[in-house]
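Listing of start.txt, compact mmCIF, C-alpha atoms and all ligand atoms
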# COMPACT_ATOMS: atom_id res chain seq x y z
CA MET A 203 -45.92 -53.06 -48.24
CA THR A 204 -46.12 -52.88 -44.45
CA ARG A 205 -43.38 -54.78 -42.70
CA ILE A 206 -44.23 -56.61 -39.50
CA ALA A 207 -41.98 -57.55 -36.59
CA VAL A 208 -43.05 -60.71 -34.76
CA PHE A 209 -41.95 -61.05 -31.13
CA ILE A 210 -41.77 -64.58 -29.73
CA SER A 211 -40.38 -66.40 -26.70
CA GLY A 212 -41.05 -70.06 -27.43
CA ARG A 213 -42.72 -72.57 -29.71
CA GLY A 214 -43.81 -70.05 -32.33
CA SER A 215 -46.86 -71.83 -33.71
CA ASN A 216 -48.67 -68.51 -34.12
CA LEU A 217 -45.59 -67.16 -35.89
CA GLN A 218 -45.88 -70.22 -38.14
CA ALA A 219 -49.54 -69.37 -38.88
CA LEU A 220 -48.41 -65.90 -39.99
CA ILE A 221 -45.56 -67.37 -42.05
CA ASP A 222 -47.97 -69.84 -43.70
CA ALA A 223 -50.40 -67.02 -44.57
CA ARG A 224 -47.51 -65.02 -46.01
CA ASN A 225 -46.26 -67.99 -48.05
CA ARG A 226 -49.75 -68.58 -49.45
CA GLY A 227 -49.87 -64.93 -50.50
CA ASP A 228 -52.63 -64.34 -47.93
CA LEU A 229 -50.89 -61.67 -45.87
CA ALA A 230 -51.34 -58.03 -46.86
CA GLY A 231 -47.83 -57.26 -45.52
CA ASP A 232 -44.48 -58.94 -45.02
CA ILE A 233 -42.61 -60.22 -41.99
CA GLY A 234 -39.51 -58.03 -41.67
CA VAL A 235 -37.97 -59.59 -38.60
CA VAL A 236 -38.62 -62.19 -35.91
CA VAL A 237 -37.33 -61.27 -32.46
CA SER A 238 -37.06 -63.83 -29.68
CA SER A 239 -36.60 -62.96 -26.02
CA ARG A 240 -35.07 -66.41 -25.50
CA THR A 241 -32.05 -68.06 -27.07
CA GLY A 242 -33.01 -71.41 -28.56
CA ALA A 243 -36.72 -70.67 -28.82
CA PRO A 244 -38.08 -73.22 -31.33
CA GLY A 245 -39.81 -70.35 -33.15
CA LEU A 246 -36.40 -69.08 -34.25
CA GLU A 247 -35.95 -72.25 -36.27
CA ARG A 248 -39.29 -71.61 -37.97
CA ALA A 249 -38.07 -68.12 -38.90
CA ARG A 250 -34.80 -69.54 -40.21
CA ARG A 251 -36.58 -72.16 -42.30
CA ALA A 252 -38.82 -69.45 -43.77
CA GLY A 253 -35.75 -67.39 -44.67
CA LEU A 254 -36.78 -64.55 -42.37
CA ASP A 255 -34.41 -62.21 -40.56
CA HIS A 256 -34.36 -63.18 -36.90
CA CYS A 257 -32.48 -62.34 -33.73
CA VAL A 258 -32.47 -62.78 -29.98
CA VAL A 259 -32.91 -59.85 -27.61
CA ASP A 260 -32.46 -61.34 -24.14
CA ALA A 261 -33.63 -59.19 -21.22
CA ALA A 262 -30.78 -60.60 -19.11
CA ASP A 263 -28.34 -58.64 -21.29
CA TYR A 264 -29.90 -55.29 -20.40
CA ALA A 265 -29.70 -53.28 -17.19
CA SER A 266 -33.34 -52.25 -17.16
CA ARG A 267 -36.66 -52.95 -18.86
CA GLU A 268 -36.32 -49.57 -20.57
CA ALA A 269 -32.94 -50.55 -22.02
CA PHE A 270 -34.35 -53.88 -23.21
CA ASP A 271 -37.30 -52.14 -24.88
CA ALA A 272 -34.97 -49.54 -26.44
CA GLU A 273 -33.11 -52.40 -28.13
CA LEU A 274 -36.39 -53.91 -29.35
CA ASP A 275 -37.33 -50.50 -30.76
CA ARG A 276 -33.98 -50.25 -32.51
CA VAL A 277 -34.26 -53.72 -34.06
CA VAL A 278 -37.81 -53.11 -35.26
CA ASN A 279 -36.93 -49.76 -36.81
CA GLN A 280 -33.77 -51.09 -38.38
CA ALA A 281 -35.85 -53.82 -40.05
CA GLY A 282 -38.15 -51.17 -41.44
CA CYS A 283 -41.18 -52.52 -39.58
CA SER A 284 -44.16 -50.38 -38.65
CA LEU A 285 -46.28 -53.02 -36.93
CA ILE A 286 -45.47 -55.50 -34.16
CA CYS A 287 -47.19 -58.83 -33.51
CA LEU A 288 -46.67 -60.45 -30.12
CA ALA A 289 -46.92 -64.20 -30.57
CA GLY A 290 -46.25 -65.95 -27.28
CA PHE A 291 -43.89 -63.15 -26.21
CA MET A 292 -43.40 -63.64 -22.48
CA ARG A 293 -42.10 -60.18 -21.54
CA ILE A 294 -44.18 -57.24 -20.37
CA LEU A 295 -43.37 -54.18 -22.46
CA THR A 296 -42.84 -50.85 -20.68
CA PRO A 297 -45.60 -48.21 -20.86
CA GLY A 298 -43.18 -45.97 -22.79
CA PHE A 299 -42.68 -48.56 -25.52
CA VAL A 300 -46.38 -49.43 -25.68
CA GLU A 301 -47.38 -45.77 -25.98
CA ALA A 302 -44.75 -45.10 -28.66
CA TRP A 303 -46.25 -47.97 -30.66
CA ARG A 304 -49.87 -47.25 -29.74
CA ASP A 305 -52.33 -49.16 -31.97
CA ARG A 306 -49.39 -50.72 -33.79
CA ILE A 307 -48.79 -53.68 -31.45
CA LEU A 308 -51.10 -56.72 -31.65
CA ASN A 309 -51.25 -59.59 -29.21
CA ILE A 310 -53.01 -62.94 -29.19
CA HIS A 311 -54.39 -64.36 -25.96
CA PRO A 312 -55.89 -67.85 -25.53
CA ALA A 313 -59.14 -66.81 -23.85
CA LEU A 314 -62.10 -64.56 -24.49
CA LEU A 315 -60.83 -61.29 -23.00
CA PRO A 316 -61.59 -59.45 -20.82
CA ALA A 317 -62.27 -62.81 -19.14
CA PHE A 318 -59.24 -64.82 -18.05
CA PRO A 319 -56.31 -62.50 -18.68
CA GLY A 320 -52.83 -63.63 -17.59
CA THR A 321 -51.17 -67.01 -17.53
CA ALA A 322 -52.69 -70.46 -16.93
CA CYS A 323 -56.01 -69.28 -18.34
CA HIS A 324 -57.02 -72.76 -19.56
CA ARG A 325 -56.68 -74.11 -16.02
CA ARG A 326 -58.83 -71.30 -14.70
CA VAL A 327 -61.41 -71.85 -17.47
CA LEU A 328 -61.64 -75.54 -16.49
CA GLU A 329 -61.81 -74.75 -12.76
CA GLY A 330 -64.60 -72.28 -13.45
CA GLY A 331 -66.70 -74.84 -15.31
CA VAL A 332 -66.82 -72.49 -18.29
CA LYS A 333 -68.58 -74.02 -21.32
CA ILE A 334 -67.28 -71.74 -24.05
CA THR A 335 -63.85 -70.16 -24.17
CA GLY A 336 -61.78 -69.02 -27.14
CA CYS A 337 -59.10 -66.59 -28.16
CA THR A 338 -58.65 -62.88 -28.70
CA VAL A 339 -56.48 -60.66 -30.89
CA HIS A 340 -56.21 -57.16 -29.44
CA PHE A 341 -54.16 -54.01 -29.54
CA VAL A 342 -51.68 -53.86 -26.69
CA ARG A 343 -51.99 -51.44 -23.78
CA PRO A 344 -49.61 -51.12 -20.81
CA GLN A 345 -51.87 -53.32 -18.66
CA VAL A 346 -51.31 -57.02 -19.43
CA ASP A 347 -53.84 -58.63 -21.81
CA ALA A 348 -55.85 -55.43 -22.05
CA GLY A 349 -56.63 -53.27 -25.05
CA PRO A 350 -59.13 -52.81 -27.87
CA ILE A 351 -60.34 -56.19 -29.20
CA ILE A 352 -59.89 -56.73 -32.94
CA ALA A 353 -61.14 -60.31 -33.34
CA GLN A 354 -62.27 -63.23 -31.22
CA ALA A 355 -63.17 -66.85 -31.85
CA ALA A 356 -65.26 -69.05 -29.56
CA VAL A 357 -64.24 -72.61 -28.76
CA PRO A 358 -66.30 -75.11 -26.74
CA VAL A 359 -64.95 -76.72 -23.59
CA LEU A 360 -65.72 -80.43 -23.90
CA PRO A 361 -66.40 -82.98 -21.16
CA GLY A 362 -63.13 -84.66 -20.19
CA ASP A 363 -60.98 -81.76 -21.37
CA ASP A 364 -57.72 -81.19 -19.59
CA GLU A 365 -55.48 -78.15 -20.00
CA LYS A 366 -53.64 -79.75 -22.91
CA SER A 367 -56.67 -80.82 -24.93
CA LEU A 368 -58.33 -77.45 -24.38
CA ALA A 369 -55.17 -75.51 -25.25
CA ASP A 370 -54.79 -77.57 -28.43
CA ARG A 371 -58.38 -76.83 -29.51
CA VAL A 372 -58.03 -73.11 -28.77
CA LEU A 373 -54.70 -73.03 -30.63
CA VAL A 374 -56.39 -74.15 -33.86
CA ALA A 375 -58.66 -71.11 -33.57
CA GLU A 376 -55.68 -68.85 -32.72
CA HIS A 377 -53.98 -69.87 -35.93
CA ARG A 378 -57.08 -68.88 -37.88
CA ILE A 379 -57.83 -65.52 -36.28
CA TYR A 380 -54.32 -64.07 -35.94
CA PRO A 381 -53.73 -63.80 -39.70
CA LEU A 382 -57.34 -62.64 -40.13
CA ALA A 383 -57.03 -59.85 -37.54
CA LEU A 384 -53.59 -58.82 -38.80
CA ASN A 385 -54.91 -58.56 -42.34
CA LEU A 386 -57.79 -56.34 -41.21
CA VAL A 387 -55.25 -54.00 -39.62
CA LEU A 388 -52.92 -54.12 -42.64
CA GLN A 389 -55.82 -53.35 -44.96
CA GLY A 390 -56.79 -50.29 -42.90
CA ARG A 391 -60.14 -51.81 -41.96
CA VAL A 392 -59.66 -51.37 -38.22
CA ARG A 393 -60.30 -48.12 -36.36
CA VAL A 394 -59.93 -47.54 -32.63
CA ILE A 395 -62.67 -45.25 -31.37
CA GLU A 396 -62.86 -44.51 -27.65
CA GLU A 397 -60.78 -47.59 -26.90
CA ARG A 398 -63.02 -49.93 -28.87
CA VAL A 399 -62.32 -51.36 -32.29
CA VAL A 400 -64.69 -50.70 -35.14
CA VAL A 401 -63.95 -53.18 -37.88
CA ASP A 402 -64.99 -52.94 -41.49
CA ALA A 403 -65.55 -56.65 -42.14
CA PRO A 404 -68.46 -59.04 -42.62
CA VAL A 405 -70.06 -60.37 -39.44
CA ARG A 406 -72.91 -62.82 -39.05
CA ALA A 407 -75.65 -62.23 -36.51
CA ASP A 408 -77.51 -65.47 -37.14
CA ASP A 409 -74.85 -67.81 -35.86
CA MET A 410 -74.62 -69.30 -32.42
CA LEU A 411 -72.11 -71.53 -30.72
CA ALA A 412 -73.93 -73.26 -27.88
CA ASN A 413 -72.53 -75.85 -25.50
CA PRO A 414 -74.32 -78.24 -25.02
CA VAL A 415 -75.85 -78.15 -28.46
CA PRO A 416 -79.59 -77.32 -28.45
C1 LIG B 501 -50.45 -68.97 -27.49
O1 LIG B 501 -51.43 -69.75 -26.86
C2 LIG B 501 -50.75 -67.51 -27.38
O2 LIG B 501 -52.13 -67.23 -27.39
C3 LIG B 501 -50.18 -67.16 -26.04
O3 LIG B 501 -49.00 -67.90 -25.94
C4 LIG B 501 -49.11 -69.05 -26.77
C5 LIG B 501 -47.96 -69.02 -27.71
O4 LIG B 501 -47.88 -70.17 -28.51
N1 LIG B 501 -49.98 -65.73 -25.93
P1 LIG B 501 -46.93 -70.19 -29.77
O5 LIG B 501 -45.53 -69.83 -29.29
O6 LIG B 501 -47.46 -69.18 -30.76
O7 LIG B 501 -47.01 -71.59 -30.28

Can you turn what I pasted into C-alpha cells?
Amino acid sequence: MTRIAVFISGRGSNLQALIDARNRGDLAGDIGVVVSSRTGAPGLERARRAGLDHCVVDAADYASREAFDAELDRVVNQAGCSLICLAGFMRILTPGFVEAWRDRILNIHPALLPAFPGTACHRRVLEGGVKITGCTVHFVRPQVDAGPIIAQAAVPVLPGDDEKSLADRVLVAEHRIYPLALNLVLQGRVRVIEERVVVDAPVRADDMLANPVP
C-alpha cells in the first residue's frame, strides 16, 4: 500500500480530511508521516490523536532551503513514503526537490487555478466581484500554485460574504476533493500528458453551477 507524507504548517483541517478518509477505509493508501514546518502547529495534535508518526522540520534550523529540503526528503524516505501531500504547507520547495518528486507531490489551493494563485486569494476574489470560486488539487511544479490540475470544485460567492465566510465555504469543498483527488492518484487513474492531467473518472457534462441561479 502506498504510503503518503503530509506536509503541514498550521491548522491541519485538510490533513484531518485525509485522516478521516483513512479511518473510514476510504483511502487507497496510508499516511506514513505528518511533517510540520512549525512547532506547535495544531495539525500535529491531529496527527498525534490519529496515532500517526509526526515530526517538525523547521526551516530556521537549516542553513539553506536546499538543506531544509534535504531533511524533508530524508524524513519522507525514512517513513517509506512515495507520495507527498501539501496541506497548508507554507514553505516553497526548491526546484531540485520538486523535480526529484515530479508528479508525486500534490497541493490544495483555495481558488480555481490558474486564477488567484498565491496568498489572500479570497480577498482578491471578493475585490474582483467574482461570482464563482472554488478549490484546486494539482501536482506541484517549482512555480508557486502551478502544475497539472487533478480536480477542482466550484463554490459560489454569496452576497454579504467576507473573507472568513467565503474561506469556510471553500474549505468544505477542499475537504471533499482532496481525498477524492488523492485516491485517483493512488489508484493509478491519473496520467500527466503534456503538463495536463487526464483522469480516468466519471464526469458529468449536464451539470451547471450558476450564480445567480437561473
Ligand atoms: C487551505 O485553505 C489550503 O487550501 C491552503 O491552506 C489552507 C490550509 O488549511 N493551501 P488547513 O491547515 O488544511 O486547515

Quiz item: Do you know which residues are at most 10 Å from A:Ala375 counting all atoms listed in the file, after dropping those on the same chain fewer than 5 positions away, and could you put them as a PyMOL selection string?
Solution: chain A and resi 312+336-338+354-357+370+380

Self-check item: Protein and nucleic acid residues within 9 Å of ligand LIG 501 (chain B) (all atoms listed in the file) as a PyMOL selection string
Solution: chain A and resi 210-219+243-245+288-292+309-313+321+337-339+369-370+372-373+376-377

Quiz prompt | Residue nearest A:Ala261 - candidates A:Asp408, A:Glu397, A:Asp402, A:Glu273, atoms counted: all atoms listed in the file | solution =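 Comparing A:Asp408, A:Glu397, A:Asp402, A:Glu273 against A:Ala261, the winner is A:Glu273.
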
Box along x, y and z, 4 Å on every side, all listed atoms of stretch 249-268 of chain A inside: centre and edge lengths in Å to one decimal, as AutoDock Vina command-line options.
--center_x -33.6 --center_y -60.9 --center_z -30.9 --size_x 18.5 --size_y 30.6 --size_z 35.5

Quiz item: Between atom CA of A:His340 and atom CA of A:Val387, what is the distance, to one decimal in Å?
Solution: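 Atom-to-atom, atom CA of A:His340 to atom CA of A:Val387, that is 10.7 Å.
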
Quiz item: A:Val258, A:Val399, A:Met203, A:Val208: which is nearest A:Ile351, counting all atoms listed in the file?
Solution: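 So, comparing all the options, the nearest one is A:Val399.
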
Quiz prompt | Option closest in space to A:His256, from A:Arg276, A:Ile286, A:Phe299, A:Ala207 [counting only C-alpha atoms] | solution = A:Ala207

Please, could N, CA, C and O atoms be added to stretch 376-399 of chain A and the result written as a PDB file, in the frame of the given file?
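Result saved to result32.pdb:
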ATOM      1  N   GLU A 376     -56.681 -69.934 -32.727  1.00  0.00           N
ATOM      2  CA  GLU A 376     -55.680 -68.850 -32.720  1.00  0.00           C
ATOM      3  C   GLU A 376     -55.037 -68.722 -34.096  1.00  0.00           C
ATOM      4  O   GLU A 376     -54.858 -67.623 -34.627  1.00  0.00           O
ATOM      5  N   HIS A 377     -54.696 -69.885 -34.651  1.00  0.00           N
ATOM      6  CA  HIS A 377     -53.980 -69.870 -35.930  1.00  0.00           C
ATOM      7  C   HIS A 377     -54.859 -69.345 -37.059  1.00  0.00           C
ATOM      8  O   HIS A 377     -54.363 -68.898 -38.081  1.00  0.00           O
ATOM      9  N   ARG A 378     -56.176 -69.427 -36.861  1.00  0.00           N
ATOM     10  CA  ARG A 378     -57.080 -68.880 -37.880  1.00  0.00           C
ATOM     11  C   ARG A 378     -57.291 -67.383 -37.693  1.00  0.00           C
ATOM     12  O   ARG A 378     -57.350 -66.643 -38.667  1.00  0.00           O
ATOM     13  N   ILE A 379     -57.455 -66.935 -36.429  1.00  0.00           N
ATOM     14  CA  ILE A 379     -57.830 -65.520 -36.280  1.00  0.00           C
ATOM     15  C   ILE A 379     -56.645 -64.558 -36.253  1.00  0.00           C
ATOM     16  O   ILE A 379     -56.822 -63.379 -36.529  1.00  0.00           O
ATOM     17  N   TYR A 380     -55.422 -65.038 -35.964  1.00  0.00           N
ATOM     18  CA  TYR A 380     -54.320 -64.070 -35.940  1.00  0.00           C
ATOM     19  C   TYR A 380     -54.049 -63.497 -37.335  1.00  0.00           C
ATOM     20  O   TYR A 380     -54.031 -62.276 -37.515  1.00  0.00           O
ATOM     21  N   PRO A 381     -53.914 -64.365 -38.360  1.00  0.00           N
ATOM     22  CA  PRO A 381     -53.730 -63.800 -39.700  1.00  0.00           C
ATOM     23  C   PRO A 381     -54.936 -62.957 -40.142  1.00  0.00           C
ATOM     24  O   PRO A 381     -54.765 -61.919 -40.780  1.00  0.00           O
ATOM     25  N   LEU A 382     -56.128 -63.387 -39.775  1.00  0.00           N
ATOM     26  CA  LEU A 382     -57.340 -62.640 -40.130  1.00  0.00           C
ATOM     27  C   LEU A 382     -57.304 -61.230 -39.529  1.00  0.00           C
ATOM     28  O   LEU A 382     -57.497 -60.225 -40.228  1.00  0.00           O
ATOM     29  N   ALA A 383     -57.048 -61.150 -38.229  1.00  0.00           N
ATOM     30  CA  ALA A 383     -57.030 -59.850 -37.540  1.00  0.00           C
ATOM     31  C   ALA A 383     -55.889 -58.979 -38.076  1.00  0.00           C
ATOM     32  O   ALA A 383     -56.061 -57.770 -38.300  1.00  0.00           O
ATOM     33  N   LEU A 384     -54.733 -59.588 -38.281  1.00  0.00           N
ATOM     34  CA  LEU A 384     -53.590 -58.820 -38.800  1.00  0.00           C
ATOM     35  C   LEU A 384     -53.910 -58.253 -40.171  1.00  0.00           C
ATOM     36  O   LEU A 384     -53.612 -57.091 -40.456  1.00  0.00           O
ATOM     37  N   ASN A 385     -54.545 -59.050 -41.009  1.00  0.00           N
ATOM     38  CA  ASN A 385     -54.910 -58.560 -42.340  1.00  0.00           C
ATOM     39  C   ASN A 385     -55.877 -57.387 -42.266  1.00  0.00           C
ATOM     40  O   ASN A 385     -55.753 -56.428 -43.030  1.00  0.00           O
ATOM     41  N   LEU A 386     -56.843 -57.456 -41.357  1.00  0.00           N
ATOM     42  CA  LEU A 386     -57.790 -56.340 -41.210  1.00  0.00           C
ATOM     43  C   LEU A 386     -57.036 -55.057 -40.875  1.00  0.00           C
ATOM     44  O   LEU A 386     -57.339 -53.983 -41.405  1.00  0.00           O
ATOM     45  N   VAL A 387     -56.052 -55.169 -39.990  1.00  0.00           N
ATOM     46  CA  VAL A 387     -55.250 -54.000 -39.620  1.00  0.00           C
ATOM     47  C   VAL A 387     -54.428 -53.530 -40.821  1.00  0.00           C
ATOM     48  O   VAL A 387     -54.410 -52.342 -41.161  1.00  0.00           O
ATOM     49  N   LEU A 388     -53.776 -54.470 -41.489  1.00  0.00           N
ATOM     50  CA  LEU A 388     -52.920 -54.120 -42.640  1.00  0.00           C
ATOM     51  C   LEU A 388     -53.726 -53.467 -43.756  1.00  0.00           C
ATOM     52  O   LEU A 388     -53.219 -52.600 -44.476  1.00  0.00           O
ATOM     53  N   GLN A 389     -54.978 -53.891 -43.887  1.00  0.00           N
ATOM     54  CA  GLN A 389     -55.820 -53.350 -44.960  1.00  0.00           C
ATOM     55  C   GLN A 389     -56.520 -52.056 -44.544  1.00  0.00           C
ATOM     56  O   GLN A 389     -57.341 -51.528 -45.298  1.00  0.00           O
ATOM     57  N   GLY A 390     -56.200 -51.554 -43.351  1.00  0.00           N
ATOM     58  CA  GLY A 390     -56.790 -50.290 -42.900  1.00  0.00           C
ATOM     59  C   GLY A 390     -58.274 -50.399 -42.589  1.00  0.00           C
ATOM     60  O   GLY A 390     -59.002 -49.414 -42.654  1.00  0.00           O
ATOM     61  N   ARG A 391     -58.715 -51.611 -42.221  1.00  0.00           N
ATOM     62  CA  ARG A 391     -60.140 -51.810 -41.960  1.00  0.00           C
ATOM     63  C   ARG A 391     -60.462 -51.817 -40.466  1.00  0.00           C
ATOM     64  O   ARG A 391     -61.561 -52.184 -40.059  1.00  0.00           O
ATOM     65  N   VAL A 392     -59.483 -51.373 -39.664  1.00  0.00           N
ATOM     66  CA  VAL A 392     -59.660 -51.370 -38.220  1.00  0.00           C
ATOM     67  C   VAL A 392     -59.441 -49.956 -37.694  1.00  0.00           C
ATOM     68  O   VAL A 392     -58.408 -49.347 -37.955  1.00  0.00           O
ATOM     69  N   ARG A 393     -60.444 -49.433 -36.985  1.00  0.00           N
ATOM     70  CA  ARG A 393     -60.300 -48.120 -36.360  1.00  0.00           C
ATOM     71  C   ARG A 393     -60.523 -48.274 -34.862  1.00  0.00           C
ATOM     72  O   ARG A 393     -61.399 -49.043 -34.433  1.00  0.00           O
ATOM     73  N   VAL A 394     -59.734 -47.533 -34.076  1.00  0.00           N
ATOM     74  CA  VAL A 394     -59.930 -47.540 -32.630  1.00  0.00           C
ATOM     75  C   VAL A 394     -60.661 -46.252 -32.267  1.00  0.00           C
ATOM     76  O   VAL A 394     -60.146 -45.156 -32.499  1.00  0.00           O
ATOM     77  N   ILE A 395     -61.862 -46.408 -31.754  1.00  0.00           N
ATOM     78  CA  ILE A 395     -62.670 -45.250 -31.370  1.00  0.00           C
ATOM     79  C   ILE A 395     -63.048 -45.415 -29.907  1.00  0.00           C
ATOM     80  O   ILE A 395     -63.703 -46.405 -29.529  1.00  0.00           O
ATOM     81  N   GLU A 396     -62.608 -44.458 -29.095  1.00  0.00           N
ATOM     82  CA  GLU A 396     -62.860 -44.510 -27.650  1.00  0.00           C
ATOM     83  C   GLU A 396     -62.507 -45.872 -27.067  1.00  0.00           C
ATOM     84  O   GLU A 396     -63.284 -46.489 -26.337  1.00  0.00           O
ATOM     85  N   GLU A 397     -61.328 -46.341 -27.434  1.00  0.00           N
ATOM     86  CA  GLU A 397     -60.780 -47.590 -26.900  1.00  0.00           C
ATOM     87  C   GLU A 397     -61.583 -48.836 -27.263  1.00  0.00           C
ATOM     88  O   GLU A 397     -61.487 -49.877 -26.609  1.00  0.00           O
ATOM     89  N   ARG A 398     -62.372 -48.731 -28.324  1.00  0.00           N
ATOM     90  CA  ARG A 398     -63.020 -49.930 -28.870  1.00  0.00           C
ATOM     91  C   ARG A 398     -62.723 -49.980 -30.360  1.00  0.00           C
ATOM     92  O   ARG A 398     -62.628 -48.940 -31.018  1.00  0.00           O
ATOM     93  N   VAL A 399     -62.596 -51.195 -30.859  1.00  0.00           N
ATOM     94  CA  VAL A 399     -62.320 -51.360 -32.290  1.00  0.00           C
ATOM     95  C   VAL A 399     -63.617 -51.391 -33.078  1.00  0.00           C
ATOM     96  O   VAL A 399     -64.557 -52.112 -32.726  1.00  0.00           O
TER      97      VAL A 399
END
